[in-house]
Structures are given as structure tokens and as C-alpha cells.
Amino acid sequence: MAPCWCQQWCGQEDQGSDCPPMLGTVIAKGMALPQRILFPPEKICMDWQQRQRPGAGLLNLGNTCYINVILQCLTYTPPLANYLLSHEHSQSCQQQGFCMMCIMEVHIRKVLHSSASAILPGAVLRDLKFTCLNCQAVTDSYKAFLDVSLDIRFVDYPEYLDLRPYMSDTAGEPLLCSLYAIVVHSGDTCLEGHFFCYTKASNGLWYKMDDESVDSCDTHTVLGQQAYLLFYARGPLDFYHQTKDLCLIWYHLDQSQDETLVLEYRSRPDLDLA
């Protein structure tokens, strides 16, 4: 039997029937395999390795809310945070001078381990620069850009998303992803207004992060926003199976519209409704 690529989740040495297909094999059915793998999938840990309270908020320097929300969403991206908190990057980095990954490592550790209610993302703002892909010129100034207004009505988005129907290979097990962060913009155009975000911390709870303020909220509030950006992550093996069963049960319950069964399933995870 083939070695199990998801051994860190399933604990098996060999690929089992319950294991999801390896990422590379799924890609191969619809397109060519990558010529070089930057980071092997078996080294990516999709679940938090450290569980703790939410970290600090970020101070706004006048008009930096748009940077703050992206930094917070990246900070609460579990595989990225796991990797940077392990120091693996900084211990092997060969980059001379500016390295965004090294800066993010320092930033994420500072946010998650700080005892302060809010911190200044000084290293990121100080070293943030833009490089022209044509002439390689570097600038740290901000240019106005064309704003095209579109009439987009409110769009519903789920907490769990199955990407399988939208892939080149639509057959097989569901490819389930979980919502872990959203960015919200309030204002008439992208050149004015304010950005804030909602993120799911390592303790599994949702928080509204509005610059320096960090306040707890529920899932219903998160799913009721007019989202500007949505962040989904593919779940680990236990999520793959549990959420698949949950989605199938929800599908059947939606057909019968029996709310009693929903409450009963939530109180009894072992209930078999198939």
C-alpha cells in the first residue's frame, strides 16, 4: 500500500480507505502537476497547534485599517500561523535584506503572545514596499486607482463550503472548506470608508476585530455581514469526515424541514439519520 500523506491527522502508516485523496492527485485529473512543490502538503497542518485566547488588536495610524484587517486575517490563518510560530522559516531563511515572511513571523508572534490590548504593526508598515514588475522600481508611496462602482446586492455565504461541484473533477468525495475570516467594508466607495474584520481564533470562537478593539461575537452575526473578502480553509481529516456527515444530514433535514431532528442531532452527535 502507498504511504499515507495525511499521517499527522489519521495516525496510519499506509493510505487507508477513509483517507482523503492526496492534493496532487486531485489536481492531476484536471490539469498538469506542478513542476516544483514549494511546500509539500503532508507538512501543512490545517488545525491550530496552540489554542489560546484571541490576540491583540492593531492600532490605526490614521488610514491603515485596510492593512490591519489583512494582517489580522493572515494571523488567524491556521496553517500559516502554525508554520511561522514554529520558527522554521526564520531558522532557515537565506533572504538578504527585506523578507516579508520573517516580518510576518515576528508580527504574528507579537499579536498572539502580547499582553497588551492593542499593538502597533510597526515592522510591517515600516518595511512595506511595492515593486514594479516591469522596471523593478521600488516605492512605498500609495497611488490612487480607478474606482468602478458596481451594483452588487447582498450575497449569502455559508460557514462550510463544498468546492467539489466547481472543480474540473466533480466526482468523488466533497472537498469541504470552513470559513475562518471575513473582511467588511463600510462606505460608498473603496477610496473612503472603513475596514474591519471577523476572525475565528484558535479557541474556535469568532471575534470582531476593528483596529484596536477585539470583541467576541456569534456565528450568526458573522454570516449576516456584507462581506468584502471571504477566507476559507480546507479542513483537516477529522473536519473532512465530521463536516461531510453534518452537511449530508443538513441536506436531508432541509428536505424534511424537521427542526426537531436538528436539535436532536446537535445534542447527540452519534445519532444516525441516514
# chains A, B, ... in the order shown; residues from 1 in each chain; ligands from 1
call {"tool": "residues_around", "arguments": {"residues": "A:Ser115", "least_positions_apart": "2", "cutoff": "12 Å", "atoms": "only C-alpha atoms", "output": "list in words"}}
result
Arg53, Pro54, Gly55, Ala56, Gly57, Arg109, Lys110, Val111, Leu112, His113, Ser117, Ala118 and Ile119 of chain A
call {"tool": "select_by_dssp", "arguments": {"residues": "stretch 144-217 of chain A", "states": "strand (DSSP E or B)", "output": "ChimeraX atom specification"}}
result
/A:160-162,176-186,194-200,206-210,213-217
call {"tool": "residues_around", "arguments": {"residues": "stretch 201-203 of chain A", "least_positions_apart": "3", "cutoff": "8 Å", "atoms": "only C-alpha atoms", "output": "ChimeraX atom specification"}}
result
/A:48,50-54,76,78,206-207
call {"tool": "closest_residue", "arguments": {"among": "A:Lys200, A:Arg164, A:Lys129, A:His220", "to": "A:Leu176", "atoms": "only C-alpha atoms"}}
result
A:Arg164
call {"tool": "residues_around", "arguments": {"residues": "stretch 179-187 of chain A", "least_positions_apart": "6", "cutoff": "10 Å", "atoms": "only C-alpha atoms", "output": "PyMOL selection string"}}
result
chain A and resi 66+69-70+72-74+76-78+157-161+193-201+204-210+222-223+225-235
call {"tool": "closest_residue", "arguments": {"among": "A:Cys65, A:Leu125, A:Ile108, A:Ile37", "to": "A:Glu192", "atoms": "only C-alpha atoms"}}
result
A:Cys65
call {"tool": "select_by_dssp", "arguments": {"residues": "stretch 24-202 of chain A", "states": "alpha helix (DSSP H)", "output": "NGL selection string"}}
result
:A and (24-28 or 65-75 or 78-85 or 88-92 or 100-113 or 122-127)
call {"tool": "write_last_selection", "arguments": {"atoms": "N, CA and C atoms", "output": "compact mmCIF listing (two decimals), in the first residue's frame"}}
result
# COMPACT_ATOMS: atom_id res chain seq x y z
N GLY A 24 -2.16 16.41 -4.70
CA GLY A 24 -1.58 16.33 -6.03
C GLY A 24 -2.38 15.48 -6.98
N THR A 25 -3.00 14.39 -6.48
CA THR A 25 -3.77 13.51 -7.36
C THR A 25 -5.06 14.17 -7.79
N VAL A 26 -5.63 15.00 -6.91
CA VAL A 26 -6.84 15.73 -7.29
C VAL A 26 -6.54 16.72 -8.39
N ILE A 27 -5.42 17.43 -8.27
CA ILE A 27 -5.04 18.41 -9.28
C ILE A 27 -4.74 17.73 -10.61
N ALA A 28 -4.13 16.55 -10.54
CA ALA A 28 -3.68 15.90 -11.77
C ALA A 28 -4.82 15.53 -12.69
N CYS A 65 -6.45 51.06 8.32
CA CYS A 65 -7.39 50.00 8.66
C CYS A 65 -7.40 48.90 7.60
N TYR A 66 -7.15 49.27 6.34
CA TYR A 66 -7.16 48.27 5.27
C TYR A 66 -5.99 47.31 5.39
N ILE A 67 -4.88 47.78 5.96
CA ILE A 67 -3.75 46.89 6.23
C ILE A 67 -4.01 46.06 7.47
N ASN A 68 -4.60 46.67 8.48
CA ASN A 68 -4.88 45.96 9.73
C ASN A 68 -5.76 44.74 9.52
N VAL A 69 -6.80 44.87 8.69
CA VAL A 69 -7.72 43.74 8.52
C VAL A 69 -7.03 42.56 7.84
N ILE A 70 -6.19 42.83 6.85
CA ILE A 70 -5.48 41.75 6.16
C ILE A 70 -4.48 41.09 7.10
N LEU A 71 -3.78 41.89 7.89
CA LEU A 71 -2.84 41.33 8.85
C LEU A 71 -3.55 40.44 9.86
N GLN A 72 -4.71 40.86 10.31
CA GLN A 72 -5.45 40.04 11.28
C GLN A 72 -5.94 38.74 10.64
N CYS A 73 -6.44 38.82 9.42
CA CYS A 73 -6.91 37.61 8.75
C CYS A 73 -5.76 36.63 8.51
N LEU A 74 -4.59 37.14 8.14
CA LEU A 74 -3.42 36.27 7.96
C LEU A 74 -2.96 35.69 9.29
N THR A 75 -3.02 36.47 10.35
CA THR A 75 -2.61 36.00 11.67
C THR A 75 -3.46 34.82 12.11
N PRO A 78 -4.77 29.33 10.18
CA PRO A 78 -4.07 28.31 10.98
C PRO A 78 -2.79 27.75 10.37
N PRO A 79 -2.77 27.28 9.09
CA PRO A 79 -1.52 26.70 8.59
C PRO A 79 -0.38 27.71 8.52
N LEU A 80 -0.69 28.96 8.19
CA LEU A 80 0.35 29.99 8.14
C LEU A 80 0.87 30.30 9.54
N ALA A 81 -0.06 30.45 10.49
CA ALA A 81 0.34 30.74 11.87
C ALA A 81 1.15 29.58 12.46
N ASN A 82 0.72 28.35 12.22
CA ASN A 82 1.46 27.19 12.72
C ASN A 82 2.90 27.19 12.21
N TYR A 83 3.04 27.46 10.93
CA TYR A 83 4.36 27.44 10.30
C TYR A 83 5.26 28.54 10.87
N LEU A 84 4.73 29.75 10.98
CA LEU A 84 5.54 30.86 11.45
C LEU A 84 5.82 30.78 12.95
N LEU A 85 4.89 30.26 13.73
CA LEU A 85 5.12 30.12 15.16
C LEU A 85 6.16 29.05 15.48
N GLU A 88 10.37 27.77 11.93
CA GLU A 88 11.02 27.02 10.87
C GLU A 88 11.51 27.93 9.75
N HIS A 89 10.73 28.97 9.44
CA HIS A 89 11.15 29.85 8.36
C HIS A 89 12.38 30.67 8.74
N SER A 90 12.32 31.36 9.86
CA SER A 90 13.42 32.25 10.24
C SER A 90 14.73 31.49 10.47
N GLN A 91 14.63 30.24 10.90
CA GLN A 91 15.84 29.46 11.15
C GLN A 91 16.51 29.00 9.87
N SER A 92 15.77 28.99 8.76
CA SER A 92 16.35 28.52 7.50
C SER A 92 16.34 29.59 6.41
N MET A 100 9.40 39.36 3.75
CA MET A 100 8.06 39.53 4.29
C MET A 100 7.67 38.41 5.23
N MET A 101 8.14 37.18 4.95
CA MET A 101 7.80 36.06 5.82
C MET A 101 8.45 36.23 7.19
N CYS A 102 9.68 36.70 7.23
CA CYS A 102 10.33 36.95 8.52
C CYS A 102 9.59 38.02 9.31
N ILE A 103 9.15 39.06 8.61
CA ILE A 103 8.41 40.13 9.27
C ILE A 103 7.08 39.63 9.79
N MET A 104 6.39 38.79 8.99
CA MET A 104 5.11 38.23 9.43
C MET A 104 5.30 37.29 10.62
N GLU A 105 6.43 36.58 10.64
CA GLU A 105 6.69 35.70 11.79
C GLU A 105 6.77 36.51 13.08
N VAL A 106 7.53 37.62 13.02
CA VAL A 106 7.64 38.49 14.20
C VAL A 106 6.28 39.09 14.55
N HIS A 107 5.54 39.51 13.53
CA HIS A 107 4.24 40.15 13.77
C HIS A 107 3.25 39.19 14.40
N ILE A 108 3.14 37.98 13.86
CA ILE A 108 2.16 37.02 14.38
C ILE A 108 2.48 36.63 15.81
N ARG A 109 3.75 36.41 16.10
CA ARG A 109 4.14 36.08 17.48
C ARG A 109 3.81 37.24 18.42
N LYS A 110 4.02 38.46 17.96
CA LYS A 110 3.75 39.63 18.80
C LYS A 110 2.26 39.76 19.07
N VAL A 111 1.43 39.55 18.04
CA VAL A 111 -0.02 39.68 18.21
C VAL A 111 -0.56 38.61 19.15
N LEU A 112 -0.18 37.37 18.93
CA LEU A 112 -0.76 36.26 19.69
C LEU A 112 -0.21 36.13 21.10
N HIS A 113 0.98 36.65 21.35
CA HIS A 113 1.61 36.49 22.67
C HIS A 113 1.66 37.77 23.48
N GLY A 122 4.32 48.03 13.56
CA GLY A 122 5.35 48.92 13.05
C GLY A 122 6.26 48.29 12.02
N ALA A 123 6.69 47.05 12.26
CA ALA A 123 7.62 46.41 11.33
C ALA A 123 7.01 46.23 9.95
N VAL A 124 5.74 45.87 9.91
CA VAL A 124 5.07 45.67 8.62
C VAL A 124 4.92 46.99 7.89
N LEU A 125 4.47 48.03 8.59
CA LEU A 125 4.25 49.33 7.95
C LEU A 125 5.56 49.99 7.55
N ARG A 126 6.59 49.78 8.34
CA ARG A 126 7.88 50.40 8.03
C ARG A 126 8.53 49.79 6.80
N ASP A 127 8.39 48.48 6.63
CA ASP A 127 9.09 47.80 5.54
C ASP A 127 8.21 47.46 4.35
call {"tool": "closest_residue", "arguments": {"among": "A:Thr64, A:Ser86, A:Thr170, A:Gln136", "to": "A:Glu212", "atoms": "only C-alpha atoms"}}
result
A:Thr64
call {"tool": "atom_distance", "arguments": {"atom1": "atom CA of A:Leu61", "atom2": "atom CA of A:Asp188"}}
result
21.8 Å
call {"tool": "atom_distance", "arguments": {"atom1": "atom CA of A:Glu173", "atom2": "atom CA of A:Glu42"}}
result
19.2 Å
call {"tool": "decode", "arguments": {"residues": "stretch 117-141 of chain A", "atoms": "N, CA and C atoms", "output": "tab-separated table (two decimals), in the first residue's frame"}}
result
chain	number	residue	atom	x	y	z
A	117	SER	N	-3.67	45.16	24.97
A	117	SER	CA	-4.94	45.05	24.25
A	117	SER	C	-4.79	45.40	22.78
A	118	ALA	N	-3.77	46.20	22.45
A	118	ALA	CA	-3.52	46.58	21.05
A	118	ALA	C	-2.03	46.87	20.89
A	119	ILE	N	-1.52	46.55	19.69
A	119	ILE	CA	-0.12	46.79	19.39
A	119	ILE	C	-0.01	47.58	18.09
A	120	LEU	N	1.18	48.11	17.85
A	120	LEU	CA	1.45	48.83	16.60
A	120	LEU	C	2.16	47.89	15.63
A	121	PRO	N	1.58	47.66	14.44
A	121	PRO	CA	2.24	46.79	13.45
A	121	PRO	C	3.37	47.54	12.76
A	122	GLY	N	4.32	48.03	13.56
A	122	GLY	CA	5.35	48.92	13.05
A	122	GLY	C	6.26	48.29	12.02
A	123	ALA	N	6.69	47.05	12.26
A	123	ALA	CA	7.62	46.41	11.33
A	123	ALA	C	7.01	46.23	9.95
A	124	VAL	N	5.74	45.87	9.91
A	124	VAL	CA	5.07	45.67	8.62
A	124	VAL	C	4.92	46.99	7.89
A	125	LEU	N	4.47	48.03	8.59
A	125	LEU	CA	4.25	49.33	7.95
A	125	LEU	C	5.56	49.99	7.55
A	126	ARG	N	6.59	49.78	8.34
A	126	ARG	CA	7.88	50.40	8.03
A	126	ARG	C	8.53	49.79	6.80
A	127	ASP	N	8.39	48.48	6.63
A	127	ASP	CA	9.09	47.80	5.54
A	127	ASP	C	8.21	47.46	4.35
A	128	LEU	N	6.93	47.86	4.40
A	128	LEU	CA	6.03	47.53	3.30
A	128	LEU	C	6.35	48.38	2.09
A	129	LYS	N	6.73	47.72	1.01
A	129	LYS	CA	7.08	48.41	-0.24
A	129	LYS	C	6.47	47.66	-1.41
A	130	PHE	N	6.38	48.37	-2.53
A	130	PHE	CA	5.81	47.79	-3.74
A	130	PHE	C	6.85	47.83	-4.85
A	131	THR	N	6.99	46.72	-5.58
A	131	THR	CA	7.98	46.61	-6.64
A	131	THR	C	7.29	46.52	-7.99
A	132	CYS	N	7.68	47.37	-8.94
A	132	CYS	CA	7.13	47.33	-10.29
A	132	CYS	C	7.65	46.08	-11.00
A	133	LEU	N	6.74	45.29	-11.57
A	133	LEU	CA	7.14	44.06	-12.25
A	133	LEU	C	7.85	44.33	-13.57
A	134	ASN	N	7.72	45.53	-14.12
A	134	ASN	CA	8.36	45.85	-15.40
A	134	ASN	C	9.77	46.41	-15.21
A	135	CYS	N	9.89	47.49	-14.41
A	135	CYS	CA	11.19	48.15	-14.25
A	135	CYS	C	11.88	47.81	-12.95
A	136	GLN	N	11.21	47.08	-12.06
A	136	GLN	CA	11.76	46.67	-10.76
A	136	GLN	C	11.97	47.84	-9.80
A	137	ALA	N	11.39	49.00	-10.12
A	137	ALA	CA	11.50	50.14	-9.22
A	137	ALA	C	10.69	49.86	-7.95
A	138	VAL	N	11.21	50.32	-6.81
A	138	VAL	CA	10.57	50.09	-5.52
A	138	VAL	C	10.03	51.40	-4.98
A	139	THR	N	8.79	51.36	-4.48
A	139	THR	CA	8.18	52.56	-3.92
A	139	THR	C	7.40	52.20	-2.67
A	140	ASP	N	7.32	53.15	-1.75
A	140	ASP	CA	6.50	52.95	-0.56
A	140	ASP	C	5.38	53.99	-0.49
A	141	SER	N	5.10	54.64	-1.63
A	141	SER	CA	4.01	55.61	-1.70
A	141	SER	C	2.74	54.92	-2.16
